[in-house]
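Trainee: Here you go, final21.txt (compact mmCIF, C-alpha atoms and all ligand atoms):
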# COMPACT_ATOMS: atom_id res chain seq x y z
CA MET A 375 121.20 108.93 59.14
CA ALA A 376 122.40 107.60 55.80
CA PRO A 377 124.88 104.75 56.12
CA LYS A 378 128.46 105.76 55.45
CA LYS A 379 129.56 104.85 51.97
CA GLN A 380 132.08 102.04 51.96
CA THR A 381 135.32 102.55 50.11
CA ARG A 382 135.64 100.85 46.77
CA GLY A 383 138.58 99.61 44.78
CA ALA A 384 139.27 98.09 41.39
CA CYS A 385 139.83 94.41 40.57
CA ALA A 386 143.38 94.10 39.18
CA PHE A 387 142.17 91.63 36.55
CA CYS A 388 139.04 93.21 35.05
CA GLY A 389 139.01 96.72 36.54
CA ARG A 390 135.53 96.43 38.07
CA GLN A 391 135.02 98.66 41.10
CA MET A 392 133.50 97.33 44.30
CA THR A 393 133.68 97.30 48.09
CA GLY A 394 136.18 95.20 50.04
CA ASN A 395 133.51 92.68 50.98
CA GLY A 396 132.08 92.54 47.47
CA MET A 397 135.58 91.78 46.24
CA VAL A 398 135.68 88.47 48.18
CA LYS A 399 132.94 87.04 45.97
CA HIS A 400 134.03 88.83 42.85
CA LEU A 401 137.61 87.55 42.87
CA SER A 402 136.46 83.95 43.15
CA ALA A 403 134.19 84.42 40.13
CA CYS A 404 135.97 87.07 38.00
CA PRO A 405 136.06 85.68 34.42
CA LYS A 406 139.16 87.68 33.56
CA ARG A 407 141.01 86.28 36.57
CA LYS A 408 139.98 82.72 35.64
CA GLU A 409 141.28 83.29 32.14
CA ILE A 410 144.64 84.58 33.39
CA LEU A 411 144.98 81.78 35.94
CA SER A 412 144.36 79.06 33.38
CA ALA A 413 146.86 80.64 30.96
CA GLN A 414 149.29 80.66 33.86
CA GLU A 415 148.96 76.89 34.27
CA ASN A 416 150.41 76.32 30.79
CA LYS A 417 153.56 78.22 31.60
CA PRO A 418 156.64 76.46 32.99
CA GLY A 419 157.13 76.49 36.74
CA LYS A 420 156.14 74.59 39.84
CA LYS A 421 152.65 74.36 41.26
CA GLU A 422 152.14 75.23 44.88
CA LYS A 423 149.48 76.22 47.38
CA ILE A 424 148.45 79.84 46.93
CA TYR A 425 146.26 81.73 49.40
CA HIS A 426 143.74 84.53 48.92
CA LEU A 427 144.04 86.94 51.84
CA LYS A 428 141.67 89.72 52.83
CA ILE A 429 143.50 92.28 54.89
CA GLN A 430 141.84 95.08 56.78
CA ASP A 431 142.79 97.62 59.39
CA ALA A 432 141.23 96.43 62.66
CA TRP A 433 139.53 99.79 63.32
CA LEU A 434 139.57 101.79 60.09
CA ILE A 435 137.70 99.33 57.92
CA ASP A 436 137.86 101.69 54.93
CA PHE A 437 141.38 100.37 54.43
CA TRP A 438 141.57 96.91 52.90
CA LEU A 439 143.68 94.79 50.57
CA HIS A 440 143.12 91.56 48.69
CA LEU A 441 146.37 89.69 48.23
CA GLU A 442 147.42 86.37 46.83
CA MET A 443 150.32 84.78 48.70
CA CYS A 444 152.51 81.78 47.89
CA GLY A 445 152.66 78.93 50.39
CA SER A 446 156.45 78.76 50.03
CA ALA A 447 156.84 82.31 51.41
CA THR A 448 157.11 83.18 55.11
CA LEU A 449 155.22 85.55 57.40
CA GLN A 450 158.30 87.77 57.26
CA GLU A 451 157.44 88.54 53.64
CA LEU A 452 153.89 89.50 54.57
CA ASP A 453 155.28 91.74 57.31
CA SER A 454 157.58 93.52 54.82
CA TYR A 455 154.69 93.93 52.39
CA LEU A 456 152.42 95.48 55.02
CA ARG A 457 155.20 97.81 56.11
CA SER A 458 155.69 99.04 52.52
CA ILE A 459 152.09 99.49 51.54
CA TRP A 460 150.70 100.78 54.85
CA LEU A 461 152.82 100.98 57.94
CA GLU A 462 156.52 101.80 57.96
CA CYS A 463 157.38 105.04 59.74
CA CYS A 464 160.45 104.46 61.88
CA GLY A 465 161.24 100.75 62.03
CA HIS A 466 159.04 99.78 64.97
CA LEU A 467 158.67 96.18 66.14
CA SER A 468 155.87 94.06 64.75
CA GLN A 469 154.36 90.64 65.33
CA PHE A 470 151.74 88.22 64.06
CA SER A 471 149.39 86.40 66.39
CA LEU A 472 146.61 83.86 65.94
CA GLY A 473 142.99 84.98 65.86
CA SER A 474 141.72 88.52 66.29
CA GLY A 475 143.31 90.46 69.11
CA MET A 476 146.40 89.46 71.02
CA GLY A 477 146.42 85.69 70.63
CA GLU A 478 149.38 83.33 70.58
CA GLU A 479 152.38 84.82 68.76
CA VAL A 480 153.49 83.19 65.50
CA ALA A 481 157.17 83.38 64.50
CA MET A 482 158.10 85.53 61.49
CA ASP A 483 159.98 82.67 59.83
CA THR A 484 156.85 80.49 59.75
CA ARG A 485 156.24 79.10 56.27
CA ILE A 486 152.81 80.11 54.98
CA SER A 487 151.83 76.60 53.79
CA THR A 488 152.39 75.14 57.26
CA LEU A 489 150.08 77.70 58.88
CA PHE A 490 147.38 79.05 56.59
CA GLN A 491 144.02 77.36 56.22
CA ALA A 492 140.90 78.77 54.60
CA GLY A 493 138.83 80.64 57.18
CA MET A 494 141.62 81.36 59.64
CA MET A 495 142.32 84.80 61.11
CA LEU A 496 145.58 86.40 62.15
CA THR A 497 146.37 89.76 63.67
CA HIS A 498 149.42 91.84 62.83
CA ILE A 499 150.59 94.55 65.19
CA TYR A 500 153.02 97.21 64.09
CA ASP A 501 154.47 99.48 66.79
CA PHE A 502 153.58 98.56 70.36
CA GLY A 503 153.33 102.21 71.41
CA ASN A 504 151.22 103.98 68.84
CA SER A 505 150.05 100.68 67.41
CA SER A 506 148.52 99.84 64.05
CA GLU A 507 146.46 96.67 64.15
CA THR A 508 145.79 94.73 60.96
CA GLN A 509 143.52 91.72 60.53
CA ILE A 510 144.33 89.02 58.03
CA LYS A 511 141.72 86.57 56.90
CA VAL A 512 142.59 83.55 54.79
CA VAL A 513 139.66 83.56 52.35
CA SER A 514 140.55 80.51 50.27
CA GLU A 515 143.39 78.47 48.88
CA ARG A 516 144.16 77.10 45.43
CA GLU A 517 146.79 74.81 43.99
CA GLY A 518 148.48 76.40 41.01
CA LYS A 519 151.22 78.58 39.67
CA PRO A 520 151.87 81.99 41.21
CA MET A 521 150.94 85.15 39.27
CA THR A 522 154.44 86.65 39.58
CA GLU A 523 157.94 85.75 40.72
CA HIS A 524 157.20 87.67 43.92
CA PRO A 525 155.69 85.98 46.98
CA ILE A 526 152.69 88.34 47.02
CA TYR A 527 150.37 89.63 44.31
CA LEU A 528 148.06 92.60 44.85
CA MET A 529 144.58 91.77 43.53
CA ALA A 530 142.74 94.83 44.86
CA ARG A 531 143.02 97.68 47.35
CA ASN A 532 140.68 100.43 48.53
CA GLU A 533 140.85 103.85 46.99
CA LEU A 534 141.67 106.72 49.30
CA PRO A 535 138.56 107.30 51.44
CA ALA A 536 136.86 110.63 50.87
CA VAL A 537 138.06 112.99 53.55
CA GLU A 538 136.46 116.30 54.38
CA THR A 539 137.31 119.30 52.28
CA CYS A 540 139.49 122.27 53.13
CA VAL A 541 137.68 125.46 54.21
CA CYS A 542 138.02 126.59 50.58
CA GLY A 543 136.21 123.49 49.31
CA GLU A 544 139.24 121.85 47.69
CA PRO A 545 140.16 118.22 48.55
CA VAL A 546 142.31 117.77 51.63
CA ALA A 547 145.91 116.68 51.05
CA TRP A 548 147.57 117.59 54.36
CA LEU A 549 146.89 117.22 58.04
CA CYS A 550 148.26 119.82 60.44
CA PHE A 551 149.24 118.25 63.74
CA ASP A 552 149.76 121.43 65.70
CA CYS A 553 146.32 122.67 64.66
CA ALA A 554 144.69 119.37 65.56
CA ASN A 555 145.76 119.98 69.15
CA GLU A 556 144.17 123.42 69.28
CA GLU A 557 140.45 123.14 69.30
CA ASP A 558 139.08 125.69 66.83
CA GLU A 559 141.89 125.56 64.32
CA VAL A 560 141.74 124.10 60.86
CA ALA A 561 143.60 120.79 60.73
CA LEU A 562 142.74 119.66 57.21
CA LEU A 563 144.35 121.56 54.35
CA CYS A 564 144.38 121.51 50.56
CA ASN A 565 147.68 121.75 48.65
CA LYS A 566 147.34 125.50 48.21
CA HIS A 567 146.43 126.34 51.81
CA ALA A 568 149.19 124.07 53.17
CA LYS A 569 151.67 126.53 51.67
CA ASP A 570 150.17 129.39 53.70
CA LYS A 571 152.80 131.26 55.80
CA LYS A 572 150.82 130.46 58.92
CA TYR A 573 151.81 126.79 58.64
CA ALA A 574 155.51 127.35 57.92
CA ASP A 575 156.58 126.27 61.41
CA TYR A 576 153.91 123.62 61.83
CA THR A 577 154.19 119.88 61.24
CA LEU A 578 152.15 118.97 58.19
CA MET A 579 151.61 115.33 57.27
CA PRO A 580 150.56 114.21 53.79
CA ILE A 581 147.28 112.30 53.63
CA VAL A 582 148.04 109.00 51.90
CA ASN A 583 146.14 105.77 51.30
CA SER A 584 147.10 104.11 54.56
CA PRO A 585 145.39 103.51 57.92
CA ARG A 586 148.56 104.86 59.57
CA THR A 587 148.03 108.40 58.28
CA GLY A 588 148.33 110.75 61.24
CA GLN A 589 150.07 108.21 63.50
CA CYS A 590 153.62 108.62 64.77
CA GLY A 591 155.78 110.09 62.00
CA TYR A 592 154.02 108.30 59.14
CA GLN A 593 154.65 110.04 55.80
CA GLY A 594 153.73 107.36 53.27
CA PRO A 595 154.31 106.78 50.42
CA ALA A 596 151.89 103.86 51.01
CA GLU A 597 152.94 102.06 47.85
CA PRO A 598 153.32 98.30 47.35
CA PRO A 599 156.98 97.13 47.28
CA TYR A 600 156.50 95.45 43.87
ZN ZN A 701 137.59 91.15 38.19
ZN ZN A 702 157.11 105.68 64.08
ZN ZN A 703 142.17 125.24 50.87
So that I can check it, write out the structure of this file as structure tokens.
Mentor:
Amino acid sequence: MAPKKQTRGACAFCGRQMTGNGMVKHLSACPKRKEILSAQENKPGKKEKIYHLKIQDAWLIDFWLHLEMCGSATLQELDSYLRSIWLECCGHLSQFSLGSGMGEEVAMDTRISTLFQAGMMLTHIYDFGNSSETQIKVVSEREGKPMTEHPIYLMARNELPAVETCVCGEPVAWLCFDCANEEDEVALLCNKHAKDKKYADYTLMPIVNSPRTGQCGYQGPAEPPY
């Protein structure tokens, strides 16, 4: 069996496409990023510790993010970011804990610079019923000036993984929940077939670039907050 193709994404600095793991190495060496960072150092503003984070859904590894986060920010800001880009459906509870799995809980108001160290892992849980589990790895840290006035900067994210096609061969854009519960029904629909009368009374969910697609009432939009 051929290995499943890993999802790729583009480097925000130079546009090169690669896998989430390839991006770890690339971001530390990207010439365009180095150029931008050194130009940044000549601008006014305070230096601080800034962390490179690799974020991945604990089970659906096709979904990943590479973020840069300021040490002066708090975990609360990472929580809000994850909710915007991946998770928020109906305001469920969430928490961070140390390590992978359900380790010791870390308070939301914890300042990043007092906690993060290169190599450490954290787990974020959103929704304790139909839970989404996200792993956060602190890849490295640097001392410098942040890329933006925001606490978090998006350096790369996966592109929407290739899903199966509709029966007609078109790309799938919707998931039908009612069909998914009936065995031999079509649950994956293109834009055109989703408008079919048959589905008028069914619950269709848009397929968006988030590991929470298909969970609880998640509808996206799976966009970063800034
Ligand atoms: Zn690059
Ligand atoms: Zn929900
Ligand atoms: Zn179709």
Trainee: Which one of A:Ala561, A:Cys550, A:Ile581, A:Ala574 sits closest to Ala536 of chain A if you count all atoms listed in the file?
Mentor: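 Of A:Ala561, A:Cys550, A:Ile581, A:Ala574, the one nearest Ala536 of chain A is A:Ile581, counting all atoms listed in the file.
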Trainee: Measure the distance from atom CA of Gly419 of chain A to atom CA of Arg485 of chain A in Å and round it to one decimal.
Mentor: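 Computing it gives 19.7 Å between the two atoms.
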Trainee: Pick out the residues no farther than 12 Å from ligand ZN 701 (chain A), counting all atoms listed in the file, and list them as a list in words.
Mentor: Gly383, Ala384, Cys385, Ala386, Phe387, Cys388, Gly389, Arg390, Gln391, Met392, Gly396, Met397, Val398, Lys399, His400, Leu401, Ser402, Ala403, Cys404, Pro405, Lys406, Arg407, Lys408, Glu409, Ile410, His440, Met529 and Ala530 of chain A
Trainee: Taking all atoms listed in the file into account, report as JSON, numbers by chain which residues have an atom no farther than 7 Å from an atom of ligand ZN 703 (chain A).
Mentor: {"A": [540, 541, 542, 543, 544, 563, 564, 565, 566, 567]}
Trainee: Could you list, as a ChimeraX atom specification, all protein and nucleic acid residues with an atom at most 9 Å from ligand ZN 702 (chain A), counting all atoms listed in the file?
Mentor: /A:461-466,501,503-504,589-592
Trainee: Between atom CA of Phe490 of chain A and atom CA of Ile526 of chain A, what is the spacing in Å?
Mentor: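 Between atom CA of Ile526 of chain A and atom CA of Phe490 of chain A the gap is 14.4 Å.
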Trainee: Between segment 449-562 of chain A and segment 597-600 of chain A, at 12 Å or less, what are the per-residue closest atom pairs and their distances in Å? Count all atoms listed in the file, order by chain and rising residue number, and return it as CSV.
Mentor:
residue,atom,partner,partner_atom,distance
A:Glu451,CA,A:Pro599,CA,10.7
A:Leu452,CA,A:Pro599,CA,11.0
A:Asp453,CA,A:Pro599,CA,11.5
A:Ser454,CA,A:Pro599,CA,8.4
A:Tyr455,CA,A:Pro599,CA,6.4
A:Leu456,CA,A:Pro598,CA,8.2
A:Arg457,CA,A:Pro598,CA,9.0
A:Ser458,CA,A:Pro599,CA,5.7
A:Ile459,CA,A:Pro598,CA,4.5
A:Trp460,CA,A:Glu597,CA,7.5
A:Leu461,CA,A:Glu597,CA,10.1
A:Glu462,CA,A:Glu597,CA,10.7
A:Thr522,CA,A:Tyr600,CA,10.0
A:Glu523,CA,A:Tyr600,CA,10.3
A:His524,CA,A:Tyr600,CA,7.8
A:Pro525,CA,A:Tyr600,CA,10.0
A:Ile526,CA,A:Tyr600,CA,8.7
A:Tyr527,CA,A:Tyr600,CA,8.5
A:Leu528,CA,A:Pro598,CA,8.1
A:Met529,CA,A:Pro598,CA,11.6
A:Ala530,CA,A:Pro598,CA,11.4
A:Arg531,CA,A:Pro598,CA,10.3
Trainee: Could you check which of A:Pro535, A:Ala547, A:Gly518, A:Ala481 is closest to Tyr425 of chain A, using all atoms listed in the file?
Mentor: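 Between A:Pro535, A:Ala547, A:Gly518, A:Ala481, the residue approaching Tyr425 of chain A most closely is A:Gly518.
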Trainee: Expressed in Å to a single decimal, how great is the separation between atom CA of Thr587 of chain A and atom CA of Glu507 of chain A?
Mentor: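 Answer for the atom CA of Thr587 of chain A to atom CA of Glu507 of chain A separation: 13.2 Å.
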Trainee: Measuring between only C-alpha atoms, which one of A:Glu479, A:Asn395, A:Lys519, A:Cys444 shows the shortest distance to Asn416 of chain A?
Mentor: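 The closest residue to Asn416 of chain A is A:Lys519.
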Trainee: List the residues sitting within 12 Å of (149.2, 88.8, 70.5) in the file's frame, using only C-alpha atoms, as an mmCIF file with C-alpha atoms, in the coordinates of the input.
Mentor:
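Final output, saved to selection04.cif:
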data_model
loop_
_atom_site.group_PDB
_atom_site.id
_atom_site.type_symbol
_atom_site.label_atom_id
_atom_site.label_comp_id
_atom_site.auth_asym_id
_atom_site.auth_seq_id
_atom_site.Cartn_x
_atom_site.Cartn_y
_atom_site.Cartn_z
ATOM 1 C CA SER A 468 155.870 94.060 64.750
ATOM 2 C CA GLN A 469 154.360 90.640 65.330
ATOM 3 C CA PHE A 470 151.740 88.220 64.060
ATOM 4 C CA SER A 471 149.390 86.400 66.390
ATOM 5 C CA LEU A 472 146.610 83.860 65.940
ATOM 6 C CA GLY A 473 142.990 84.980 65.860
ATOM 7 C CA SER A 474 141.720 88.520 66.290
ATOM 8 C CA GLY A 475 143.310 90.460 69.110
ATOM 9 C CA MET A 476 146.400 89.460 71.020
ATOM 10 C CA GLY A 477 146.420 85.690 70.630
ATOM 11 C CA GLU A 478 149.380 83.330 70.580
ATOM 12 C CA GLU A 479 152.380 84.820 68.760
ATOM 13 C CA VAL A 480 153.490 83.190 65.500
ATOM 14 C CA ALA A 481 157.170 83.380 64.500
ATOM 15 C CA LEU A 496 145.580 86.400 62.150
ATOM 16 C CA THR A 497 146.370 89.760 63.670
ATOM 17 C CA HIS A 498 149.420 91.840 62.830
ATOM 18 C CA ILE A 499 150.590 94.550 65.190
ATOM 19 C CA TYR A 500 153.020 97.210 64.090
ATOM 20 C CA PHE A 502 153.580 98.560 70.360
ATOM 21 C CA GLU A 507 146.460 96.670 64.150
ATOM 22 C CA THR A 508 145.790 94.730 60.960
ATOM 23 C CA GLN A 509 143.520 91.720 60.530
#
Trainee: Name the closest residue to Ser412 of chain A among the candidates A:Lys571, A:Pro580, A:Arg382, A:Glu517; distances are taken between atoms, counting all atoms listed in the file.
Mentor: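 Looking at the shortest contact to Ser412 of chain A, the residue is A:Glu517.
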Trainee: At most 7 Å from (142.9, 86.2, 54.4), file frame, all atoms listed in the file: which residues, as a list in words?
Mentor: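 Nearby residues: His426, Leu427, Lys428, Ile429, Met495, Ile510, Lys511, Val512 and Val513 of chain A.
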Trainee: Which residue is closest to Thr381 of chain A? Choose from A:Leu534, A:Ala413, A:Val546, A:Met521 and count only C-alpha atoms.
Mentor: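 Closest residue, counting only C-alpha atoms: A:Leu534.
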Trainee: Between A:Glu515, A:Asp483, A:Glu442, A:Asp436, which has the minimum distance to Lys423 of chain A (counting all atoms listed in the file)?
Mentor: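 Of A:Glu515, A:Asp483, A:Glu442, A:Asp436, the one nearest Lys423 of chain A is A:Glu515, counting all atoms listed in the file.
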